[in-house]
2 protein chains.
Amino acid sequence: MATTFLDREQKILEHLKTHKTASVQELAEVFGVSNMTIHRDLHKLANSGHLLKKHGGATLPNPGGKAQEETSLCAMCGKTASQRTIFIVKFDNGEEMRACCAHCGLMMQSRKKKVWQSLTVDYLYGHMISAGQAFYLVGSVLNICCVPSILAFGSKTDAEKFRKGFGGQLLDMEETIHHMHRMMHMHSDM
Amino acid sequence: MATTFLDREQKILEHLKTHKTASVQELAEVFGVSNMTIHRDLHKLANSGHLLKKHGGATLPNPGGKAQEETSLCAMCGKTASQRTIFIVKFDNGEEMRACCAHCGLMMQSRKKKVWQSLTVDYLYGHMISAGQAFYLVGSVLNICCVPSILAFGSKTDAEKFRKGFGGQLLDMEETIHHMHRMMHMHSDM
DNA sequence: TAATCTCTTGTTAAAGATAACAAAATATAA
DNA sequence: TTATATTTTGTTATCTTTAACAAGAGATTA
């Protein structure tokens, strides 16, 4: 019963698309699980913005255009995650966490085990890039978010050019994580 | 007892501004009313968007301020102006025009006479900077919007660092406008 | 003035939500 | 394989929310 959760999660959303609303009781009966399990599902789905939890059940978000809160908070340090540097980690079980920048994002990722995919933003172009294939400029003099500064680039060539001016080391993801762990052992703060 | 309600409503919001969060129980004790009355108050206030109802209490909505993405179109070339490179020109008569980047923005500005102020975005930090005091990197290899590429920086030092990697000429606003006019006379396209 | 109406508030009972703990299922390591 | 973690689910007790009804305070009207 390893993947029941993802299935049920998907099916709850599908159920909502057709029924527009669903009660906890109803969903529990449909899926043959306890109310508590449905509660937990809805809590996760509501947290990731896929639905709105109401008393007794859930609905789809933004039917009429309520002010969508697009700003997310860093799960590591708590400050608002800028769209310029956001780092998104998606886990095997469908959960998702967001960090303010690669600094917090890579820390977050290195603690958890079952990462499915992680994304971040190319600092030059603003595109989303796969975090595993990105190049990280660590310790440059451009401190835009957390310190030590870690900037992400999709192209190694561009990153090299950036480095010429702002210094720092150009590392891939694994090296960056190792580098951060070394730093943590030298000092004892985050 | 006609206006008791409005008073309490106001005071609940004030209470939230200082305390950031408040439980139903707590508010009921503070105002000397039943929990049910507080529930009804919060329901109204939540409905009108003044606060967010949580299980057991309430919080203020959008503490950080919603990052509303106001998409505007470039008055010069017509494409959508990214928040990363937007160039805003404000005229004496209170009118305002927006351009996709410094390339279009400076062109726009040099045609019009009665410019009061113009703003653009520091490419590195995303801050708004006064366009007249900014430094422009013209003709670098980083083509992010229009060509020739013109990137804006608030700090000359940072701009120099950027130039080390990506090339181009570093000019102030007037020089940049002159440079563009020379280019226009050599070729005949925009 | 009394009679009535409307609005706010309180009480109660039932349903829902949450936290804490225990059990079952699964994954990981030895 | 067995043994040990980790994850998922269920159970229980407690707190919260809601709806329905009743009581009280002003306001309105005859």
# chains A, B, ... in the order shown; residues from 1 in each chain; ligands from 1
>>> residues_around(residues="region 3-17 of chain D", least_positions_apart="5", cutoff="7 Å", atoms="only C-alpha atoms (C1' of nucleotides)", output="PyMOL selection string")
(chain A and resi 34+37) or (chain B and resi 55-56) or (chain C and resi 16-17)
>>> residues_around(residues="Ile129 (chain A)", least_positions_apart="3", cutoff="7 Å", atoms="only C-alpha atoms (C1' of nucleotides)", output="mmCIF file with N, CA and C atoms, in the first residue's frame")
data_model
loop_
_atom_site.group_PDB
_atom_site.id
_atom_site.type_symbol
_atom_site.label_atom_id
_atom_site.label_comp_id
_atom_site.auth_asym_id
_atom_site.auth_seq_id
_atom_site.Cartn_x
_atom_site.Cartn_y
_atom_site.Cartn_z
ATOM 1 N N LEU A 119 13.507 22.363 -8.427
ATOM 2 C CA LEU A 119 13.585 23.411 -9.445
ATOM 3 C C LEU A 119 14.071 24.700 -8.816
ATOM 4 N N THR A 120 14.719 25.493 -9.614
ATOM 5 C CA THR A 120 15.012 26.844 -9.158
ATOM 6 C C THR A 120 15.048 27.771 -10.371
ATOM 7 N N VAL A 121 15.454 29.000 -10.152
ATOM 8 C CA VAL A 121 15.324 30.016 -11.191
ATOM 9 C C VAL A 121 16.706 30.469 -11.653
ATOM 10 N N ASP A 122 16.892 30.507 -12.941
ATOM 11 C CA ASP A 122 18.126 31.052 -13.506
ATOM 12 C C ASP A 122 18.208 32.524 -13.151
ATOM 13 N N ALA A 134 21.680 22.477 -12.634
ATOM 14 C CA ALA A 134 22.077 23.881 -12.601
ATOM 15 C C ALA A 134 23.514 24.027 -12.133
ATOM 16 N N GLY A 154 21.549 28.389 -15.471
ATOM 17 C CA GLY A 154 21.274 27.265 -16.347
ATOM 18 C C GLY A 154 22.461 26.963 -17.254
#
>>> atom_distance(atom1="CA of Ala46 (chain B)", atom2="CA of Val30 (chain B)")
19.6 Å
>>> interface_residues(of="chain B", to="chain A", cutoff="6 Å", atoms="only C-alpha atoms", output="PyMOL selection string")
chain B and resi 161-162+164-166
>>> interface_residues(of="chain C", to="chain B", cutoff="12 Å", atoms="only C-alpha atoms (C1' of nucleotides)", output="PyMOL selection string")
chain C and resi 6-12+16-18
>>> write_last_selection(atoms="N, CA and C atoms (P, O5', C5', C4', C3', O3' and C1' of nucleotides)", output="PDB file, in the first residue's frame")
ATOM      1  P    DT C   6     -39.721  42.433  10.697  1.00  0.00           P
ATOM      2  O5'  DT C   6     -38.292  42.901  11.233  1.00  0.00           O
ATOM      3  C5'  DT C   6     -37.991  44.298  11.262  1.00  0.00           C
ATOM      4  C4'  DT C   6     -36.696  44.526  12.017  1.00  0.00           C
ATOM      5  C3'  DT C   6     -35.579  43.556  11.644  1.00  0.00           C
ATOM      6  O3'  DT C   6     -34.401  44.281  11.399  1.00  0.00           O
ATOM      7  C1'  DT C   6     -35.850  43.627  13.980  1.00  0.00           C
ATOM      8  P    DC C   7     -33.135  43.578  10.672  1.00  0.00           P
ATOM      9  O5'  DC C   7     -32.041  43.662  11.834  1.00  0.00           O
ATOM     10  C5'  DC C   7     -31.915  44.875  12.583  1.00  0.00           C
ATOM     11  C4'  DC C   7     -31.166  44.587  13.873  1.00  0.00           C
ATOM     12  C3'  DC C   7     -29.978  43.630  13.692  1.00  0.00           C
ATOM     13  O3'  DC C   7     -28.800  44.257  14.159  1.00  0.00           O
ATOM     14  C1'  DC C   7     -31.343  42.965  15.517  1.00  0.00           C
ATOM     15  P    DT C   8     -27.350  43.518  13.966  1.00  0.00           P
ATOM     16  O5'  DT C   8     -27.018  43.020  15.445  1.00  0.00           O
ATOM     17  C5'  DT C   8     -27.069  43.951  16.508  1.00  0.00           C
ATOM     18  C4'  DT C   8     -27.056  43.225  17.834  1.00  0.00           C
ATOM     19  C3'  DT C   8     -25.892  42.236  18.013  1.00  0.00           C
ATOM     20  O3'  DT C   8     -25.132  42.622  19.150  1.00  0.00           O
ATOM     21  C1'  DT C   8     -27.940  41.248  18.678  1.00  0.00           C
ATOM     22  P    DT C   9     -23.783  41.830  19.506  1.00  0.00           P
ATOM     23  O5'  DT C   9     -24.290  40.703  20.521  1.00  0.00           O
ATOM     24  C5'  DT C   9     -24.859  41.082  21.762  1.00  0.00           C
ATOM     25  C4'  DT C   9     -25.467  39.880  22.455  1.00  0.00           C
ATOM     26  C3'  DT C   9     -24.499  38.722  22.701  1.00  0.00           C
ATOM     27  O3'  DT C   9     -24.192  38.646  24.084  1.00  0.00           O
ATOM     28  C1'  DT C   9     -26.633  37.971  21.957  1.00  0.00           C
ATOM     29  P    DG C  10     -23.141  37.563  24.626  1.00  0.00           P
ATOM     30  O5'  DG C  10     -24.087  36.350  25.041  1.00  0.00           O
ATOM     31  C5'  DG C  10     -25.102  36.562  26.012  1.00  0.00           C
ATOM     32  C4'  DG C  10     -25.928  35.294  26.215  1.00  0.00           C
ATOM     33  C3'  DG C  10     -25.104  34.036  26.523  1.00  0.00           C
ATOM     34  O3'  DG C  10     -25.663  33.393  27.668  1.00  0.00           O
ATOM     35  C1'  DG C  10     -26.551  33.628  24.681  1.00  0.00           C
ATOM     36  P    DT C  11     -24.931  32.115  28.292  1.00  0.00           P
ATOM     37  O5'  DT C  11     -25.783  30.890  27.760  1.00  0.00           O
ATOM     38  C5'  DT C  11     -27.203  30.920  27.907  1.00  0.00           C
ATOM     39  C4'  DT C  11     -27.830  29.655  27.344  1.00  0.00           C
ATOM     40  C3'  DT C  11     -27.045  28.369  27.627  1.00  0.00           C
ATOM     41  O3'  DT C  11     -27.926  27.410  28.184  1.00  0.00           O
ATOM     42  C1'  DT C  11     -27.497  28.562  25.288  1.00  0.00           C
ATOM     43  P    DT C  12     -27.293  26.084  28.827  1.00  0.00           P
ATOM     44  O5'  DT C  12     -27.527  25.000  27.689  1.00  0.00           O
ATOM     45  C5'  DT C  12     -28.838  24.878  27.112  1.00  0.00           C
ATOM     46  C4'  DT C  12     -28.769  24.083  25.815  1.00  0.00           C
ATOM     47  C3'  DT C  12     -27.929  22.799  25.888  1.00  0.00           C
ATOM     48  O3'  DT C  12     -28.790  21.680  25.724  1.00  0.00           O
ATOM     49  C1'  DT C  12     -27.494  24.034  23.885  1.00  0.00           C
ATOM     50  P    DG C  16     -20.226  16.370  10.053  1.00  0.00           P
ATOM     51  O5'  DG C  16     -18.929  17.206  10.440  1.00  0.00           O
ATOM     52  C5'  DG C  16     -18.968  18.627  10.303  1.00  0.00           C
ATOM     53  C4'  DG C  16     -17.688  19.225  10.837  1.00  0.00           C
ATOM     54  C3'  DG C  16     -16.411  18.574  10.304  1.00  0.00           C
ATOM     55  O3'  DG C  16     -15.569  19.599   9.811  1.00  0.00           O
ATOM     56  C1'  DG C  16     -16.352  18.711  12.672  1.00  0.00           C
ATOM     57  P    DA C  17     -14.122  19.246   9.257  1.00  0.00           P
ATOM     58  O5'  DA C  17     -13.203  19.543  10.505  1.00  0.00           O
ATOM     59  C5'  DA C  17     -13.117  20.879  10.979  1.00  0.00           C
ATOM     60  C4'  DA C  17     -11.989  21.009  11.994  1.00  0.00           C
ATOM     61  C3'  DA C  17     -10.643  20.463  11.520  1.00  0.00           C
ATOM     62  O3'  DA C  17      -9.642  21.415  11.846  1.00  0.00           O
ATOM     63  C1'  DA C  17     -11.295  19.399  13.547  1.00  0.00           C
ATOM     64  P    DT C  18      -8.145  21.192  11.347  1.00  0.00           P
ATOM     65  O5'  DT C  18      -7.374  20.673  12.631  1.00  0.00           O
ATOM     66  C5'  DT C  18      -7.412  21.466  13.814  1.00  0.00           C
ATOM     67  C4'  DT C  18      -6.888  20.678  14.989  1.00  0.00           C
ATOM     68  C3'  DT C  18      -5.557  19.978  14.723  1.00  0.00           C
ATOM     69  O3'  DT C  18      -4.561  20.617  15.495  1.00  0.00           O
ATOM     70  C1'  DT C  18      -7.099  18.576  15.901  1.00  0.00           C
TER      71       DT C  18
END
>>> atom_distance(atom1="CA of Gly132 (chain A)", atom2="CA of Ser155 (chain A)")
12.7 Å
>>> closest_residue(among="A:Lys11, A:Gly32, A:Glu26, A:Asp172", to="chain D", atoms="only C-alpha atoms (C1' of nucleotides)")
A:Gly32
>>> select_by_dssp(residues="region 4-184 of chain A", states="helix (DSSP H, G or I)", output="ChimeraX atom specification")
/A:4-19,24-31,35-47,102-111,131-133,156-166,173-184
>>> closest_residue(among="A:Leu27, A:Ile38, A:Leu16, A:Ala131", to="Ser118 (chain A)", atoms="only C-alpha atoms")
A:Ala131
>>> decode(residues="region 142-158 of chain B", atoms="N, CA and C atoms", output="PDB file, in the first residue's frame")
ATOM      1  N   LEU B 142      24.481  39.432 -23.194  1.00  0.00           N
ATOM      2  CA  LEU B 142      23.298  38.896 -22.528  1.00  0.00           C
ATOM      3  C   LEU B 142      22.041  39.568 -23.104  1.00  0.00           C
ATOM      4  N   ASN B 143      21.439  38.911 -24.066  1.00  0.00           N
ATOM      5  CA  ASN B 143      20.250  39.479 -24.698  1.00  0.00           C
ATOM      6  C   ASN B 143      18.995  38.973 -24.015  1.00  0.00           C
ATOM      7  N   ILE B 144      18.461  39.787 -23.140  1.00  0.00           N
ATOM      8  CA  ILE B 144      17.337  39.325 -22.331  1.00  0.00           C
ATOM      9  C   ILE B 144      16.038  39.900 -22.819  1.00  0.00           C
ATOM     10  N   CYS B 145      16.083  41.052 -23.475  1.00  0.00           N
ATOM     11  CA  CYS B 145      14.843  41.662 -23.968  1.00  0.00           C
ATOM     12  C   CYS B 145      15.078  42.156 -25.392  1.00  0.00           C
ATOM     13  N   CYS B 146      15.320  43.427 -25.558  1.00  0.00           N
ATOM     14  CA  CYS B 146      15.537  43.963 -26.902  1.00  0.00           C
ATOM     15  C   CYS B 146      17.016  43.934 -27.264  1.00  0.00           C
ATOM     16  N   VAL B 147      17.287  44.045 -28.540  1.00  0.00           N
ATOM     17  CA  VAL B 147      18.660  44.069 -29.049  1.00  0.00           C
ATOM     18  C   VAL B 147      18.873  45.388 -29.780  1.00  0.00           C
ATOM     19  N   PRO B 148      19.973  46.100 -29.555  1.00  0.00           N
ATOM     20  CA  PRO B 148      21.051  45.742 -28.638  1.00  0.00           C
ATOM     21  C   PRO B 148      20.621  45.767 -27.183  1.00  0.00           C
ATOM     22  N   SER B 149      21.226  44.875 -26.429  1.00  0.00           N
ATOM     23  CA  SER B 149      20.867  44.724 -25.028  1.00  0.00           C
ATOM     24  C   SER B 149      21.305  45.939 -24.216  1.00  0.00           C
ATOM     25  N   ILE B 150      20.386  46.442 -23.381  1.00  0.00           N
ATOM     26  CA  ILE B 150      20.737  47.519 -22.453  1.00  0.00           C
ATOM     27  C   ILE B 150      20.276  47.130 -21.059  1.00  0.00           C
ATOM     28  N   LEU B 151      21.251  46.904 -20.182  1.00  0.00           N
ATOM     29  CA  LEU B 151      20.917  46.501 -18.819  1.00  0.00           C
ATOM     30  C   LEU B 151      21.185  47.653 -17.862  1.00  0.00           C
ATOM     31  N   ALA B 152      20.324  47.795 -16.853  1.00  0.00           N
ATOM     32  CA  ALA B 152      20.452  48.909 -15.917  1.00  0.00           C
ATOM     33  C   ALA B 152      21.004  48.448 -14.574  1.00  0.00           C
ATOM     34  N   PHE B 153      21.859  49.276 -13.998  1.00  0.00           N
ATOM     35  CA  PHE B 153      22.439  48.970 -12.692  1.00  0.00           C
ATOM     36  C   PHE B 153      22.424  50.206 -11.814  1.00  0.00           C
ATOM     37  N   GLY B 154      22.237  50.003 -10.561  1.00  0.00           N
ATOM     38  CA  GLY B 154      22.267  51.121  -9.627  1.00  0.00           C
ATOM     39  C   GLY B 154      23.682  51.471  -9.193  1.00  0.00           C
ATOM     40  N   SER B 155      24.538  50.478  -9.165  1.00  0.00           N
ATOM     41  CA  SER B 155      25.904  50.694  -8.702  1.00  0.00           C
ATOM     42  C   SER B 155      26.874  50.527  -9.856  1.00  0.00           C
ATOM     43  N   LYS B 156      27.761  51.490 -10.015  1.00  0.00           N
ATOM     44  CA  LYS B 156      28.725  51.421 -11.112  1.00  0.00           C
ATOM     45  C   LYS B 156      29.677  50.251 -10.901  1.00  0.00           C
ATOM     46  N   THR B 157      30.008  50.017  -9.652  1.00  0.00           N
ATOM     47  CA  THR B 157      30.914  48.904  -9.333  1.00  0.00           C
ATOM     48  C   THR B 157      30.320  47.572  -9.779  1.00  0.00           C
ATOM     49  N   ASP B 158      29.044  47.370  -9.428  1.00  0.00           N
ATOM     50  CA  ASP B 158      28.395  46.124  -9.834  1.00  0.00           C
ATOM     51  C   ASP B 158      28.331  46.018 -11.346  1.00  0.00           C
TER      52      ASP B 158
END
